[in-house]
Amino acid sequence: MPRFEPFAGVRYDTTRMSLDDVVAPPYDVVDPAEREALGARSPWNVVHVDLPQPSDEGDRYQTAGCRFDDWLETGVLATDAEPGFYVYKMGFHDDDGTPRQTSGVIGALGLVPPGEGGILPHEHTMSRPKDDRLNLMRACRANLSPIWGLSLASNLSALCEVSGPPLARCTDGDGVHHRLWRVTQPGVLSALSDTVASAPVVIADGHHRYETALAWQQEVRASGDQPGDHDLVLAYLVELAPDQLSVGPIHRVVSSLPSDFDAVAAMTGPFDLSDGGAADGDLPARMAASGALALVFAGRVWLARPGAGNGHGTGSEPDSALLQRVLEDWPAHTTEYLHRVTDVVAAVDDGRAQVGLLLRPPTVDQIAGTARSGARMPPKTTFFRPKPRTGMVFRRLSD
């Protein structure tokens, strides 16, 4: 079962700066404009290491490594005196305006190939080169940001209830409150390790970082090194429970279809279509109420309810899986993935896409059921939110 260990974290010395100015979203959701804005907030903002630019110190990776080492040497970053776990809470409001909180724990998770040792992937990933993150890991000798795992252990949330003020806190641009506590009591450390080891962990976000850590592990092992900290990776673990997660869908827009292709006819077999009304802010609510996806054209919206008679309406599969089978029968086309309904509608209205496909969020039961069965959801099925900040705590790797 999963191996989960405390570690001596590396953290910003917040007596020297505001944490708000130095943390950032995960590297893979930061676009160039946001990277520039974050970097301008502080010379110590984590993007200067996590998304480095070439400098007089060398190429991107040499620059990152030199900068990370300099921050350690000058006290911008400090290493905690003893190993611990880090309880991390994110407070936010969901799309309905309801206050929510995600509570989890950051530790070092044992590295094994996905599907072994109680580590379960939950969706297929898009192919992407690992060289960038691997070169960064070589240069910095650190895990800069945690993967996000979902624990099937039922009492992990209870162990994340801590007292006293947090040792670090910040608020991001979306109004999400991030708070961090360090836990060092031997009994609590053992309880957290044992609880995580009692049930599988589903990789929710950070498949690419996990695969990069596996590549690093293999590289170090090939040099003849003994077991060590290269056998674990920084991970944020949250209990797989509805009250702990806010999961959004990832929508699709389709282009490059033949001009005479009839998408409505192609959807009519697997789905029961009905008028969807206007492409307005209430459309997601109408989709949820009718148990339907939405098919968006310029000037027209259809609700597409999975047809039970065609084996599509069981509710055990996410919308992405239903659509994947349908789109396989469409002529050659291009698919783009978008998070916001407004972006899908805009892409169709201005002609950048021919068809917009709005999906419903996958449920916790669908995620858990898919993982337990050993299957994977299609790529770009889930968008977990809010995103943990990079820079709350780092984990160093041995030279």
# chains A, B, ... in the order shown; residues from 1 in each chain; ligands from 1
>>> closest_atom_pairs(of="segment 140-233 of chain A", to="segment 23-41 of chain A", cutoff="12 Å", atoms="only C-alpha atoms", output="tab-separated table")
residue	atom	partner	partner_atom	distance
A:Leu144	CA	A:Pro26	CA	9.5
A:Ser145	CA	A:Pro26	CA	7.0
A:Pro146	CA	A:Pro26	CA	8.8
A:Ile147	CA	A:Pro26	CA	9.6
A:Trp148	CA	A:Pro26	CA	10.8
A:Ala168	CA	A:Val23	CA	11.3
A:Arg169	CA	A:Val23	CA	10.5
A:Cys170	CA	A:Val23	CA	8.6
A:Thr171	CA	A:Val23	CA	9.8
A:Asp172	CA	A:Ala24	CA	8.3
A:Gly173	CA	A:Ala24	CA	9.9
A:Asp174	CA	A:Pro25	CA	11.0
A:Val176	CA	A:Pro25	CA	11.5
A:His178	CA	A:Val23	CA	10.4
A:Asp205	CA	A:Pro26	CA	10.1
A:Gly206	CA	A:Pro26	CA	9.1
A:His207	CA	A:Asp28	CA	11.5
A:His208	CA	A:Asp28	CA	9.8
A:Arg209	CA	A:Asp28	CA	10.1
>>> residues_around(residues="segment 230-246 of chain A", least_positions_apart="2", cutoff="7 Å", atoms="only C-alpha atoms", output="NGL selection string")
:A and (101-111 or 143 or 145-154 or 156-157 or 213 or 217 or 227-228 or 248 or 364 or 384-385 or 395 or 397)
>>> atom_distance(atom1="atom CA of Ala332 of chain A", atom2="atom CA of Ser259 of chain A")
12.0 Å
>>> residues_around(residues="Thr370 of chain A", least_positions_apart="4", cutoff="12 Å", atoms="only C-alpha atoms", output="tab-separated table (two decimals) with N, CA, C and O atoms, in the first residue's frame")
chain	number	residue	atom	x	y	z
A	120	LEU	N	-2.89	4.85	-7.94
A	120	LEU	CA	-3.80	4.65	-9.07
A	120	LEU	C	-3.92	5.94	-9.88
A	120	LEU	O	-4.26	6.99	-9.33
A	121	PRO	N	-3.65	5.88	-11.18
A	121	PRO	CA	-3.96	7.04	-12.03
A	121	PRO	C	-5.46	7.10	-12.27
A	121	PRO	O	-6.13	6.07	-12.26
A	122	HIS	N	-6.01	8.30	-12.45
A	122	HIS	CA	-7.47	8.36	-12.65
A	122	HIS	C	-7.84	8.73	-14.08
A	122	HIS	O	-8.99	8.55	-14.48
A	123	GLU	N	-6.89	9.26	-14.88
A	123	GLU	CA	-7.22	9.54	-16.26
A	123	GLU	C	-5.98	9.41	-17.12
A	123	GLU	O	-4.84	9.52	-16.63
A	124	HIS	N	-6.18	9.14	-18.39
A	124	HIS	CA	-5.07	9.15	-19.33
A	124	HIS	C	-4.57	10.58	-19.48
A	124	HIS	O	-5.32	11.55	-19.31
A	202	VAL	N	-5.27	7.91	-5.38
A	202	VAL	CA	-5.55	8.21	-6.78
A	202	VAL	C	-4.83	9.50	-7.15
A	202	VAL	O	-4.98	10.52	-6.47
A	316	SER	N	-22.63	5.89	-14.65
A	316	SER	CA	-21.37	5.40	-14.09
A	316	SER	C	-20.17	5.99	-14.79
A	316	SER	O	-19.05	5.92	-14.28
A	317	GLU	N	-20.38	6.57	-15.99
A	317	GLU	CA	-19.28	7.13	-16.75
A	317	GLU	C	-19.37	8.65	-16.80
A	317	GLU	O	-20.46	9.21	-16.84
A	318	PRO	N	-18.23	9.33	-16.81
A	318	PRO	CA	-18.27	10.78	-16.99
A	318	PRO	C	-18.63	11.13	-18.42
A	318	PRO	O	-18.53	10.30	-19.33
A	321	ALA	N	-16.13	10.32	-21.27
A	321	ALA	CA	-16.08	8.97	-21.81
A	321	ALA	C	-17.18	8.75	-22.85
A	321	ALA	O	-16.96	8.10	-23.88
A	362	PRO	N	-17.45	15.62	-13.56
A	362	PRO	CA	-17.48	14.23	-13.09
A	362	PRO	C	-17.74	14.19	-11.60
A	362	PRO	O	-17.37	15.11	-10.86
A	363	THR	N	-18.38	13.14	-11.14
A	363	THR	CA	-18.70	13.03	-9.71
A	363	THR	C	-17.58	12.29	-8.98
A	363	THR	O	-16.76	11.58	-9.58
A	364	VAL	N	-17.57	12.45	-7.66
A	364	VAL	CA	-16.61	11.73	-6.84
A	364	VAL	C	-16.79	10.23	-6.99
A	364	VAL	O	-15.82	9.47	-7.06
A	365	ASP	N	-18.05	9.78	-7.08
A	365	ASP	CA	-18.29	8.34	-7.26
A	365	ASP	C	-17.72	7.85	-8.59
A	365	ASP	O	-17.18	6.73	-8.66
A	366	GLN	N	-17.84	8.64	-9.64
A	366	GLN	CA	-17.27	8.24	-10.92
A	366	GLN	C	-15.75	8.15	-10.85
A	366	GLN	O	-15.14	7.22	-11.38
A	374	GLY	N	-9.42	-0.05	-11.86
A	374	GLY	CA	-8.18	-0.13	-12.60
A	374	GLY	C	-8.24	0.53	-13.96
A	374	GLY	O	-7.27	0.50	-14.72
A	375	ALA	N	-9.37	1.17	-14.28
A	375	ALA	CA	-9.51	1.86	-15.56
A	375	ALA	C	-9.06	3.30	-15.42
A	375	ALA	O	-8.73	3.77	-14.33
A	376	ARG	N	-9.03	4.02	-16.53
A	376	ARG	CA	-8.70	5.44	-16.52
A	376	ARG	C	-9.75	6.20	-17.32
A	376	ARG	O	-10.28	5.71	-18.30
A	377	MET	N	-10.03	7.42	-16.86
A	377	MET	CA	-10.91	8.30	-17.60
A	377	MET	C	-10.15	8.87	-18.81
A	377	MET	O	-8.91	8.88	-18.83
A	378	PRO	N	-10.86	9.37	-19.81
A	378	PRO	CA	-10.19	10.00	-20.95
A	378	PRO	C	-9.38	11.21	-20.50
A	378	PRO	O	-9.62	11.80	-19.44
>>> residues_around(residues="Ala64 of chain A", least_positions_apart="4", cutoff="12 Å", atoms="only C-alpha atoms", output="PyMOL selection string")
chain A and resi 44-60+68-71+132-133+135-142+144
>>> select_by_dssp(residues="segment 238-298 of chain A", states="strand (DSSP E or B)", output="JSON, numbers by chain")
{"A": [238, 239, 246, 247, 248, 249, 251, 252, 253, 254, 255, 271, 272, 273, 274, 275, 293, 294, 295, 296, 297]}
>>> closest_residue(among="A:Leu180, A:Asp13, A:His93, A:Gln218", to="Val112 of chain A", atoms="only C-alpha atoms")
A:Gln218
>>> atom_distance(atom1="atom CA of Pro270 of chain A", atom2="atom CA of Gly307 of chain A")
5.7 Å
>>> residues_around(residues="Val341 of chain A", least_positions_apart="4", cutoff="9 Å", atoms="only C-alpha atoms", output="PyMOL selection string")
chain A and resi 251+279-281+283-284+345-346+358
>>> closest_residue(among="A:Gly276, A:Pro379, A:Pro258, A:Gly9", to="Leu323 of chain A", atoms="only C-alpha atoms")
A:Pro379
>>> select_by_dssp(residues="segment 51-219 of chain A", states="helix (DSSP H, G or I)", output="ChimeraX atom specification")
/A:60-74,131-140,156-159,186-197,207-219
>>> residues_around(residues="Ala288 of chain A", least_positions_apart="4", cutoff="10 Å", atoms="only C-alpha atoms", output="ChimeraX atom specification")
/A:283-284,292-293,359-361
